[in-house]
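To be precise, the following lines are query.txt, and they hold compact mmCIF, C-alpha atoms.
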```txt
# COMPACT_ATOMS: atom_id res chain seq x y z
CA MET A 11 116.59 -89.00 132.30
CA ASN A 12 117.08 -88.57 136.06
CA ILE A 13 118.63 -85.33 137.33
CA TYR A 14 120.16 -84.61 140.76
CA ILE A 15 120.62 -80.94 141.66
CA HIS A 16 122.71 -80.19 144.74
CA THR A 17 124.31 -76.80 144.00
CA GLN A 18 123.29 -74.83 147.07
CA GLY A 19 121.65 -71.50 146.32
CA ALA A 20 120.72 -72.54 142.78
CA ARG A 21 117.32 -71.78 141.32
CA ILE A 22 115.35 -73.50 138.59
CA VAL A 23 113.60 -71.17 136.17
CA ARG A 24 111.53 -71.69 133.05
CA GLU A 25 112.68 -70.44 129.69
CA GLY A 26 110.18 -71.34 127.00
CA ARG A 27 109.80 -75.12 126.91
CA HIS A 28 113.01 -75.70 128.87
CA LEU A 29 114.24 -75.31 132.43
CA LEU A 30 117.47 -73.59 133.41
CA VAL A 31 119.47 -74.29 136.54
CA LYS A 32 120.98 -70.94 137.50
CA LYS A 33 123.02 -69.47 140.30
CA GLY A 34 123.40 -65.73 140.18
CA GLU A 35 123.82 -64.85 136.52
CA ASP A 36 125.45 -68.17 135.64
CA THR A 37 123.53 -71.02 133.98
CA TYR A 38 124.69 -74.46 135.10
CA HIS A 39 122.36 -76.72 133.13
CA THR A 40 119.58 -76.68 130.57
CA LEU A 41 116.91 -79.29 131.23
CA PHE A 42 114.67 -80.58 128.43
CA VAL A 43 111.47 -81.39 130.30
CA GLU A 44 110.16 -83.91 127.78
CA LYS A 45 113.24 -86.07 128.49
CA LEU A 46 112.99 -85.90 132.28
CA ARG A 47 111.66 -88.78 134.37
CA GLN A 48 112.79 -87.60 137.80
CA VAL A 49 114.37 -84.51 139.35
CA VAL A 50 115.84 -84.75 142.86
CA LEU A 51 116.58 -81.49 144.67
CA PHE A 52 118.96 -81.42 147.64
CA GLY A 53 118.95 -78.62 150.18
CA THR A 54 118.49 -74.96 149.28
CA ILE A 55 117.25 -75.10 145.70
CA ALA A 56 114.65 -72.54 144.60
CA LEU A 57 111.92 -73.54 142.15
CA THR A 58 109.98 -70.75 140.45
CA PRO A 59 106.20 -71.15 140.02
CA ALA A 60 106.56 -71.34 136.23
CA ALA A 61 109.17 -74.10 136.54
CA ARG A 62 107.01 -75.96 139.06
CA ASN A 63 104.00 -75.82 136.75
CA LEU A 64 106.03 -77.14 133.82
CA LEU A 65 107.27 -80.09 135.87
CA LEU A 66 103.75 -80.92 137.04
CA ARG A 67 102.29 -80.56 133.56
CA HIS A 68 104.79 -83.10 132.19
CA GLY A 69 104.36 -85.46 135.14
CA VAL A 70 108.02 -85.29 136.16
CA ASP A 71 108.59 -86.98 139.53
CA THR A 72 110.07 -84.12 141.58
CA VAL A 73 111.66 -85.15 144.88
CA PHE A 74 112.85 -82.90 147.72
CA CYS A 75 115.64 -83.94 150.09
CA THR A 76 117.79 -82.22 152.68
CA ARG A 77 121.26 -81.20 151.61
CA GLY A 78 122.69 -84.47 152.89
CA GLY A 79 120.10 -86.75 151.32
CA ARG A 80 117.27 -87.14 153.82
CA TYR A 81 113.98 -87.62 152.03
CA LEU A 82 111.46 -84.81 152.66
CA GLY A 83 108.68 -85.24 150.11
CA ARG A 84 107.70 -84.97 146.46
CA PHE A 85 105.20 -83.35 144.17
CA ALA A 86 102.03 -85.42 144.06
CA ASN A 87 101.30 -86.34 140.45
CA PRO A 88 97.82 -87.53 139.43
CA GLU A 89 96.78 -90.83 141.03
CA PRO A 90 96.66 -93.97 138.86
CA LYS A 91 93.36 -94.16 136.97
CA ASN A 92 93.05 -97.95 137.04
CA VAL A 93 90.50 -98.27 139.85
CA ALA A 94 90.15 -102.03 139.44
CA LEU A 95 93.90 -102.53 139.94
CA ARG A 96 94.01 -100.38 143.07
CA ARG A 97 90.96 -102.17 144.45
CA ARG A 98 92.68 -105.49 143.84
CA GLN A 99 95.78 -104.30 145.70
CA PHE A 100 93.74 -103.57 148.81
CA THR A 101 91.53 -106.66 148.49
CA VAL A 102 94.45 -109.11 148.51
CA LEU A 103 95.76 -107.59 151.77
CA ASP A 104 93.15 -109.77 153.53
CA ASP A 105 94.35 -112.92 151.75
CA GLU A 106 96.91 -114.19 154.26
CA PRO A 107 98.08 -117.28 152.30
CA PHE A 108 98.61 -115.11 149.21
CA GLY A 109 100.58 -112.51 151.20
CA THR A 110 102.66 -115.15 152.97
CA GLU A 111 103.71 -116.78 149.70
CA LEU A 112 104.51 -113.43 148.08
CA CYS A 113 106.64 -112.37 151.07
CA ARG A 114 108.42 -115.73 150.96
CA GLN A 115 109.37 -115.15 147.33
CA ILE A 116 110.60 -111.59 147.98
CA VAL A 117 112.62 -112.50 151.07
CA THR A 118 114.06 -115.63 149.46
CA GLY A 119 115.40 -113.45 146.65
CA LYS A 120 116.91 -110.99 149.11
CA LEU A 121 118.60 -113.74 151.15
CA LEU A 122 119.98 -115.43 148.02
CA ASN A 123 121.49 -112.10 146.97
CA MET A 124 123.04 -111.65 150.42
CA ALA A 125 124.61 -115.10 150.28
CA THR A 126 125.89 -114.56 146.74
CA LEU A 127 127.60 -111.28 147.63
CA LEU A 128 129.21 -112.80 150.73
CA MET A 129 130.56 -115.68 148.65
CA ARG A 130 132.03 -113.13 146.24
CA VAL A 131 133.74 -111.52 149.22
CA ASN A 132 134.97 -114.91 150.36
CA ARG A 133 136.57 -115.63 146.97
CA THR A 134 138.11 -112.16 146.69
CA ARG A 135 139.36 -111.66 150.24
CA ARG A 136 139.92 -115.33 151.12
CA ARG A 137 138.25 -114.97 154.51
CA ASP A 138 136.24 -117.72 156.20
CA GLU A 139 133.83 -115.32 157.96
CA PRO A 140 131.84 -114.35 154.84
CA ARG A 141 131.60 -118.00 153.78
CA ARG A 142 130.26 -119.03 157.18
CA ALA A 143 127.77 -116.16 157.13
CA ALA A 144 126.61 -117.12 153.63
CA ARG A 145 126.11 -120.69 154.82
CA GLU A 146 124.00 -119.50 157.77
CA ILE A 147 121.86 -117.37 155.48
CA ARG A 148 121.32 -120.28 153.08
CA SER A 149 120.20 -122.44 155.99
CA LEU A 150 117.64 -119.76 156.84
CA ILE A 151 116.35 -119.98 153.26
CA ASP A 152 115.61 -123.67 153.83
CA THR A 153 113.72 -122.81 157.01
CA LEU A 154 111.96 -119.94 155.26
CA ALA A 155 110.36 -122.41 152.86
CA LYS A 156 108.39 -123.84 155.80
CA ALA A 157 107.30 -120.50 157.30
CA ASP A 158 103.52 -120.36 157.72
CA SER A 159 103.04 -116.64 158.45
CA ILE A 160 104.28 -113.25 157.33
CA GLU A 161 105.46 -112.50 160.86
CA SER A 162 107.77 -115.52 160.90
CA ILE A 163 109.12 -114.55 157.48
CA ARG A 164 109.94 -111.09 158.84
CA GLY A 165 111.81 -112.76 161.67
CA TYR A 166 113.94 -114.84 159.31
CA GLU A 167 114.64 -111.78 157.17
CA GLY A 168 115.73 -109.81 160.22
CA ARG A 169 118.00 -112.59 161.43
CA ALA A 170 119.58 -112.87 157.97
CA GLY A 171 120.16 -109.10 157.90
CA ALA A 172 122.04 -109.23 161.19
CA ILE A 173 124.25 -112.07 159.95
CA TYR A 174 124.85 -110.37 156.63
CA PHE A 175 125.89 -106.98 157.99
CA GLY A 176 128.03 -108.70 160.60
CA ALA A 177 130.13 -110.09 157.73
CA PHE A 178 129.76 -107.19 155.28
CA ARG A 179 132.89 -105.44 156.60
CA TRP A 180 135.09 -108.20 155.20
CA GLY A 181 134.25 -106.93 151.74
CA LEU A 182 136.13 -103.70 152.48
CA GLN A 183 139.84 -103.52 151.73
CA GLN A 184 140.36 -100.87 154.43
CA ASP A 185 138.92 -100.43 157.88
CA PHE A 186 136.38 -97.60 157.85
CA GLY A 187 134.98 -98.35 161.29
CA PHE A 188 132.04 -100.43 160.02
CA CYS A 189 131.03 -103.42 162.12
CA ARG A 190 127.22 -103.40 161.86
CA ARG A 191 124.35 -101.49 160.28
CA VAL A 192 123.71 -98.32 162.30
CA ARG A 193 120.89 -95.92 161.54
CA ARG A 194 119.92 -92.44 162.70
CA PRO A 195 122.60 -91.26 162.63
CA PRO A 196 125.12 -93.34 160.67
CA THR A 197 128.28 -93.31 162.73
CA ASP A 198 130.86 -94.33 160.13
CA PRO A 199 131.49 -93.64 156.42
CA VAL A 200 130.13 -96.98 155.20
CA ASN A 201 126.82 -96.58 157.02
CA ALA A 202 126.58 -93.01 155.74
CA VAL A 203 126.91 -94.15 152.12
CA LEU A 204 124.52 -97.07 152.59
CA SER A 205 121.86 -94.75 154.04
CA LEU A 206 122.26 -92.21 151.25
CA LEU A 207 122.13 -94.82 148.49
CA TYR A 208 119.08 -96.50 150.04
CA THR A 209 117.37 -93.09 149.83
CA PHE A 210 118.25 -92.85 146.14
CA LEU A 211 116.98 -96.38 145.58
CA PHE A 212 113.74 -95.63 147.41
CA ASN A 213 113.02 -92.72 145.07
CA ARG A 214 113.73 -94.76 141.95
CA VAL A 215 111.58 -97.70 143.09
CA TYR A 216 108.76 -95.31 143.93
CA ALA A 217 108.92 -93.85 140.42
CA ALA A 218 108.92 -97.36 138.90
CA ILE A 219 105.85 -98.37 140.89
CA ARG A 220 103.95 -95.30 139.77
CA GLN A 221 105.04 -95.92 136.19
CA VAL A 222 103.18 -99.26 136.14
CA ASN A 223 100.14 -97.64 137.84
CA LEU A 224 100.46 -99.42 141.18
CA ASP A 225 99.55 -97.77 144.47
CA PRO A 226 102.77 -97.39 146.53
CA TYR A 227 101.05 -97.90 149.92
CA PRO A 228 99.47 -101.41 150.22
CA ALA A 229 101.93 -104.31 150.62
CA PHE A 230 102.70 -107.28 152.85
CA LEU A 231 106.28 -107.54 154.13
CA HIS A 232 106.31 -103.98 155.46
CA THR A 233 103.19 -103.49 157.53
CA PRO A 234 100.80 -101.00 155.92
CA ASP A 235 100.50 -97.91 158.08
CA TYR A 236 99.51 -94.28 157.79
CA GLY A 237 101.78 -92.55 155.26
CA ARG A 238 104.10 -95.54 154.83
CA HIS A 239 105.02 -96.49 151.26
CA SER A 240 105.01 -100.19 152.09
CA LEU A 241 105.08 -101.46 148.51
CA VAL A 242 108.14 -99.33 147.72
CA MET A 243 109.98 -100.86 150.66
CA ASP A 244 108.90 -104.39 149.72
CA LEU A 245 110.20 -104.09 146.15
CA MET A 246 113.41 -102.40 147.36
CA GLU A 247 114.49 -105.53 149.20
CA GLU A 248 115.86 -107.56 146.28
CA PHE A 249 117.69 -104.48 144.92
CA ARG A 250 119.44 -103.45 148.14
CA VAL A 251 122.26 -105.95 147.64
CA ILE A 252 122.30 -105.82 143.83
CA ILE A 253 122.52 -102.04 143.49
CA VAL A 254 123.41 -100.38 146.79
CA ASP A 255 125.60 -102.84 148.68
CA THR A 256 127.74 -103.81 145.69
CA LEU A 257 128.13 -100.16 144.73
CA THR A 258 129.13 -99.22 148.28
CA LEU A 259 131.93 -101.79 148.29
CA SER A 260 133.14 -100.55 144.90
CA LEU A 261 133.15 -96.90 145.99
CA PHE A 262 135.47 -97.68 148.89
CA ASN A 263 137.60 -100.45 147.38
CA LEU A 264 138.29 -98.50 144.19
CA LYS A 265 139.18 -95.49 146.37
CA ILE A 266 136.50 -93.33 144.79
CA LEU A 267 135.69 -92.51 148.41
CA GLN A 268 138.36 -92.17 151.09
CA LYS A 269 138.38 -91.21 154.74
CA ASP A 270 138.90 -87.49 154.11
CA ASP A 271 135.67 -87.42 152.05
CA PHE A 272 133.69 -87.55 155.30
CA GLN A 273 133.16 -85.20 158.21
CA LEU A 274 131.50 -85.36 161.61
CA GLU A 275 128.41 -83.41 162.56
CA TYR A 276 127.68 -83.17 166.26
CA PRO A 277 124.32 -82.97 168.01
CA PRO A 278 123.01 -79.49 168.85
CA ALA A 279 123.92 -77.86 172.14
CA PRO A 280 121.39 -78.10 174.98
CA VAL A 281 118.41 -75.75 174.74
CA LYS A 282 119.25 -72.37 176.26
CA GLN A 283 117.09 -70.49 178.69
CA THR A 284 115.76 -67.07 177.75
CA GLU A 285 115.97 -64.12 180.12
CA ALA A 286 112.43 -64.75 181.24
CA GLY A 287 113.36 -68.31 182.13
CA ALA A 288 111.43 -69.93 179.29
CA GLU A 289 113.03 -72.37 176.90
CA ALA A 290 114.23 -70.90 173.63
CA ALA A 291 112.65 -72.34 170.48
CA ALA A 292 114.67 -75.07 168.79
CA ASP A 293 116.38 -74.14 165.54
CA ILE A 294 114.79 -76.66 163.18
CA THR A 295 116.63 -75.22 160.18
CA SER A 296 119.95 -76.59 161.40
CA ASP A 297 118.72 -80.20 160.96
CA PRO A 298 121.80 -81.64 162.74
CA TYR A 299 120.94 -85.25 161.96
CA GLY A 300 119.16 -84.64 158.68
CA HIS A 301 122.27 -85.28 156.60
CA MET A 302 121.81 -88.94 155.69
CA ALA A 303 120.80 -89.62 159.28
CA ASP A 304 117.11 -90.36 158.97
CA LEU A 305 116.81 -92.71 156.03
CA ASP A 306 114.74 -95.15 158.03
CA CYS A 307 112.47 -92.52 159.55
CA ARG A 308 109.14 -93.74 160.83
CA GLU A 309 107.14 -91.80 158.32
CA GLN A 310 108.69 -93.20 155.14
CA PHE A 311 111.21 -95.96 155.61
CA ASP A 312 111.45 -99.45 157.05
CA LEU A 313 111.95 -99.94 160.76
CA PRO A 314 113.75 -102.95 162.19
CA GLY A 315 110.89 -103.19 164.67
CA GLN A 316 108.50 -103.95 161.84
CA ARG A 317 110.24 -107.11 160.82
CA MET A 318 112.50 -108.21 163.68
CA SER A 319 111.95 -109.36 167.20
CA ASP A 320 113.91 -107.77 170.06
CA GLU A 321 116.17 -110.83 170.11
CA ILE A 322 117.04 -110.44 166.44
CA ALA A 323 117.58 -106.70 166.80
CA ARG A 324 120.25 -107.44 169.40
CA ASP A 325 122.09 -109.61 166.89
CA GLY A 326 123.91 -106.75 165.21
CA ILE A 327 121.68 -104.08 163.67
CA GLU A 328 121.41 -100.90 165.69
CA GLU A 329 118.56 -98.48 165.15
CA PHE A 330 120.32 -95.53 166.74
CA GLY A 331 123.88 -94.30 166.92
CA ALA A 332 123.85 -94.06 170.74
CA GLY A 333 124.45 -90.31 170.85
CA LYS A 334 127.46 -90.39 168.54
CA PRO A 335 128.02 -87.64 165.97
CA ALA A 336 126.61 -88.16 162.48
CA VAL A 337 129.05 -88.93 159.66
CA LYS A 338 128.28 -87.18 156.39
CA LEU A 339 129.86 -86.78 152.96
CA THR A 340 131.58 -83.64 151.79
CA ALA A 341 129.94 -81.84 148.86
CA GLU A 342 132.46 -83.15 146.32
CA ALA A 343 132.18 -86.72 147.59
CA PHE A 344 128.39 -86.45 147.49
CA ARG A 345 128.62 -85.56 143.79
CA ARG A 346 130.79 -88.61 143.14
CA VAL A 347 128.29 -90.89 144.86
CA VAL A 348 125.46 -89.49 142.72
CA GLU A 349 127.44 -89.96 139.50
CA ASN A 350 128.34 -93.55 140.32
CA PHE A 351 124.80 -94.41 141.40
CA GLU A 352 123.51 -93.26 138.01
CA ARG A 353 126.32 -95.12 136.26
CA LYS A 354 125.34 -98.27 138.13
CA LEU A 355 121.72 -97.92 137.04
CA THR A 356 122.70 -97.59 133.38
CA THR A 357 124.74 -100.81 133.52
CA GLU A 358 123.27 -103.48 131.24
CA PHE A 359 122.78 -107.14 132.17
CA HIS A 360 120.81 -110.17 131.00
CA TYR A 361 117.28 -110.06 132.44
CA PRO A 362 116.05 -113.70 132.76
CA PRO A 363 112.26 -113.10 133.00
CA GLU A 364 112.23 -111.54 129.53
CA GLU A 365 115.40 -113.12 128.11
CA ARG A 366 116.83 -109.81 126.98
CA THR A 367 119.46 -107.26 127.95
CA ILE A 368 118.25 -104.26 129.97
CA THR A 369 119.68 -101.72 132.41
CA TYR A 370 119.27 -101.88 136.17
CA SER A 371 117.11 -98.76 135.89
CA ASP A 372 114.76 -100.56 133.50
CA SER A 373 114.75 -103.63 135.73
CA LEU A 374 113.13 -101.61 138.52
CA VAL A 375 110.15 -100.98 136.23
CA ALA A 376 110.19 -104.55 134.92
CA GLN A 377 110.05 -106.01 138.43
CA ALA A 378 107.23 -103.64 139.40
CA ALA A 379 105.34 -104.80 136.31
CA LEU A 380 106.00 -108.43 137.32
CA TYR A 381 104.59 -107.71 140.77
CA ARG A 382 101.50 -106.20 139.17
CA LYS A 383 100.93 -109.38 137.16
CA VAL A 384 101.03 -111.41 140.37
CA ILE A 385 98.53 -109.07 142.06
CA GLU A 386 96.19 -109.30 139.08
CA GLY A 387 96.46 -113.09 138.98
CA GLU A 388 98.19 -113.25 135.61
CA LEU A 389 101.21 -114.92 137.28
CA ARG A 390 101.25 -117.16 140.33
CA VAL A 391 104.88 -116.71 141.33
CA TYR A 392 106.86 -113.51 141.78
CA GLN A 393 110.38 -114.01 140.45
CA PRO A 394 112.83 -111.76 142.35
CA LEU A 395 115.91 -110.47 140.57
CA LEU A 396 119.00 -112.41 141.61
CA LEU A 397 122.63 -111.35 141.79
CA LYS A 398 124.84 -113.51 139.57
```
Target format structure tokens, applied to this file:
Amino acid sequence: MNIYIHTQGARIVREGRHLLVKKGEDTYHTLFVEKLRQVVLFGTIALTPAARNLLLRHGVDTVFCTRGGRYLGRFANPEPKNVALRRRQFTVLDDEPFGTELCRQIVTGKLLNMATLLMRVNRTRRRDEPRRAAREIRSLIDTLAKADSIESIRGYEGRAGAIYFGAFRWGLQQDFGFCRRVRRPPTDPVNAVLSLLYTFLFNRVYAAIRQVNLDPYPAFLHTPDYGRHSLVMDLMEEFRVIIVDTLTLSLFNLKILQKDDFQLEYPPAPVKQTEAGAEAAADITSDPYGHMADLDCREQFDLPGQRMSDEIARDGIEEFGAGKPAVKLTAEAFRRVVENFERKLTTEFHYPPEERTITYSDSLVAQAALYRKVIEGELRVYQPLLLK
């Protein structure tokens, strides 16, 4: 069970073998710790020492985010005990042909999913733009098969992303101001929801990776760096379209989210001078762009600069919102997004690698386990999950 707590001013206390979510004298929820897999806390949520200890003792992945969804950190559970597996993860980083082929498989899956979604849009909206974009992306897949380095694969992935998001707006039945992917801060409702849902997905993929005892840091497509969960970002790629992008279109097209569910948050005023003439200290608690604005922050999330050349970056994906105000969800709309994200993850589908029916939540773990088999040499080919 995965729990999201976003009632501001709430506190989590221990009562025997259970946890209670309380605000004042009122109890909002009773949490049975043995059933919990992940708890995500948004904003001002107090956690008593006894509750913290119970979560750690049961190995519950406990994640801390700002009120608007920006990832802050998590409790560090015990490291995986399989030393041989972790050693293997780091050893293969020096095997360039192995890494190139693995990246090719991951990116091919992502590009196929992009093309499939755009063709769905083409059939539903009867627009030529998504069809042309899908055709361009499929042509990149053919070129990708001949790529001889990870760097060139990153370039093709970046180019495909620019094409894809350039056509993504045609999947929306109303104009919400989206024309390209904009990060830090998101400057329209669609980008705001994409950023928030990518944060949710990041947390779930991280938990899946730890569940199969993989180290979340060493990987290939996203350059390993200090504090960067590169493997989490690699395995997110095939799920971005399948889980987040399709859900985002549904949230807007089914009118679960509408324009009045969003509000603007402006940058802070210029720093004031004190009487002595010195600059006043910045108010870091206000976090003006923390609300869904920093999903792709340099410490935790993927940067376009990691995988795209300057030429590709100019093709339609903006890293910054050019000084525009951040767009964020209202509290009620935020709750609806959380509920529908969890509903999406409990949706069942046929899982080809194991020829059985599983949920999208289970598929995150299954794909992480598949990746582990490739790292250990049990399988030669990583089979990405494809959108049907």
Check: In terms of the shortest atom-to-atom distance over only C-alpha atoms, which of A:Phe359, A:Phe108, A:Tyr370, A:Phe52 is closest to Lys398 in chain A?
Finding: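 The answer is A:Phe359, which sits nearest to Lys398 in chain A.
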Item checked: CA of Leu29 in chain A to CA of His239 in chain A, distance in Å rounded to a single decimal ->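 About the pair CA of Leu29 in chain A and CA of His239 in chain A: they are 29.8 Å apart.
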Next item on the list: Measure the distance from CA of Ala144 in chain A to CA of Met129 in chain A in Å and round it to one decimal.
Entry: 6.5 Å
Margin query: One number please: CA of Asp235 in chain A to CA of Thr209 in chain A, in Å, one decimal.
Written below: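 Separation of CA of Asp235 in chain A and CA of Thr209 in chain A: 19.4 Å.
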Margin query: List as a PyMOL selection string the protein and nucleic acid residues near Asn63 in chain A, meaning an atom at most 12 Å away when all atoms listed in the file are counted, but skip any in the same chain fewer than 6 places from it.
Written below: chain A and resi 22-24+27-29+43+57+69-70+72+85+87
Margin query: Set the distance at 8 Å and use all atoms listed in the file: which residues neighbour range 259-274 of chain A once local chain neighbours fewer than 6 positions away are removed? I'd like the list as a VMD selection string.
Written below: chain A and resid 181 to 184 186 199 335 to 340 342 to 343 346 to 347
Notebook entry, point to check: Which polymer residues, protein or nucleic acid, are no farther than 12 Å from (113.2, -79.1, 135.6), counting all atoms listed in the file, as a VMD selection string?
Noted result: chain A and resid 11 to 15 21 to 32 39 to 51 55 to 73
Checklist line | All residues 7 Å or closer to Val131 in chain A, all atoms listed in the file, same chain fewer than 3 positions away omitted, as a list of chain:residue names | finding: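 Listed by chain and then number, they are A:Leu127, A:Leu128, A:Thr134, A:Arg135, A:Pro140, A:Trp180, A:Gly181.
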Quick one: residues within 12 Å of Met246 in chain A, only C-alpha atoms, excluding same-chain residues fewer than 2 positions away - as an mmCIF file with C-alpha atoms, in the frame of the given file?
```
data_model
loop_
_atom_site.group_PDB
_atom_site.id
_atom_site.type_symbol
_atom_site.label_atom_id
_atom_site.label_comp_id
_atom_site.auth_asym_id
_atom_site.auth_seq_id
_atom_site.Cartn_x
_atom_site.Cartn_y
_atom_site.Cartn_z
ATOM 1 C CA ILE A 116 110.600 -111.590 147.980
ATOM 2 C CA VAL A 117 112.620 -112.500 151.070
ATOM 3 C CA GLY A 119 115.400 -113.450 146.650
ATOM 4 C CA LYS A 120 116.910 -110.990 149.110
ATOM 5 C CA LEU A 207 122.130 -94.820 148.490
ATOM 6 C CA TYR A 208 119.080 -96.500 150.040
ATOM 7 C CA THR A 209 117.370 -93.090 149.830
ATOM 8 C CA PHE A 210 118.250 -92.850 146.140
ATOM 9 C CA LEU A 211 116.980 -96.380 145.580
ATOM 10 C CA PHE A 212 113.740 -95.630 147.410
ATOM 11 C CA ASN A 213 113.020 -92.720 145.070
ATOM 12 C CA ARG A 214 113.730 -94.760 141.950
ATOM 13 C CA VAL A 215 111.580 -97.700 143.090
ATOM 14 C CA TYR A 216 108.760 -95.310 143.930
ATOM 15 C CA ALA A 217 108.920 -93.850 140.420
ATOM 16 C CA ALA A 218 108.920 -97.360 138.900
ATOM 17 C CA ILE A 219 105.850 -98.370 140.890
ATOM 18 C CA PRO A 226 102.770 -97.390 146.530
ATOM 19 C CA LEU A 231 106.280 -107.540 154.130
ATOM 20 C CA HIS A 232 106.310 -103.980 155.460
ATOM 21 C CA HIS A 239 105.020 -96.490 151.260
ATOM 22 C CA SER A 240 105.010 -100.190 152.090
ATOM 23 C CA LEU A 241 105.080 -101.460 148.510
ATOM 24 C CA VAL A 242 108.140 -99.330 147.720
ATOM 25 C CA MET A 243 109.980 -100.860 150.660
ATOM 26 C CA ASP A 244 108.900 -104.390 149.720
ATOM 27 C CA GLU A 248 115.860 -107.560 146.280
ATOM 28 C CA PHE A 249 117.690 -104.480 144.920
ATOM 29 C CA ARG A 250 119.440 -103.450 148.140
ATOM 30 C CA VAL A 251 122.260 -105.950 147.640
ATOM 31 C CA ILE A 252 122.300 -105.820 143.830
ATOM 32 C CA ILE A 253 122.520 -102.040 143.490
ATOM 33 C CA VAL A 254 123.410 -100.380 146.790
ATOM 34 C CA PHE A 311 111.210 -95.960 155.610
ATOM 35 C CA ASP A 312 111.450 -99.450 157.050
ATOM 36 C CA SER A 373 114.750 -103.630 135.730
ATOM 37 C CA LEU A 374 113.130 -101.610 138.520
ATOM 38 C CA VAL A 375 110.150 -100.980 136.230
ATOM 39 C CA GLN A 377 110.050 -106.010 138.430
ATOM 40 C CA ALA A 378 107.230 -103.640 139.400
ATOM 41 C CA PRO A 394 112.830 -111.760 142.350
ATOM 42 C CA LEU A 395 115.910 -110.470 140.570
#
```
Notebook entry, point to check: Could you name the residues that touch Arg382 in chain A at 9 Å or less, counting only C-alpha atoms, but leaving out those on the same chain fewer than 5 positions away, as a list in words?
Noted result: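 Near Arg382 in chain A, the qualifying residues are Leu95, Gln99, Val222, Asn223, Leu224, Gln377, Gly387, Glu388 and Leu389 of chain A.
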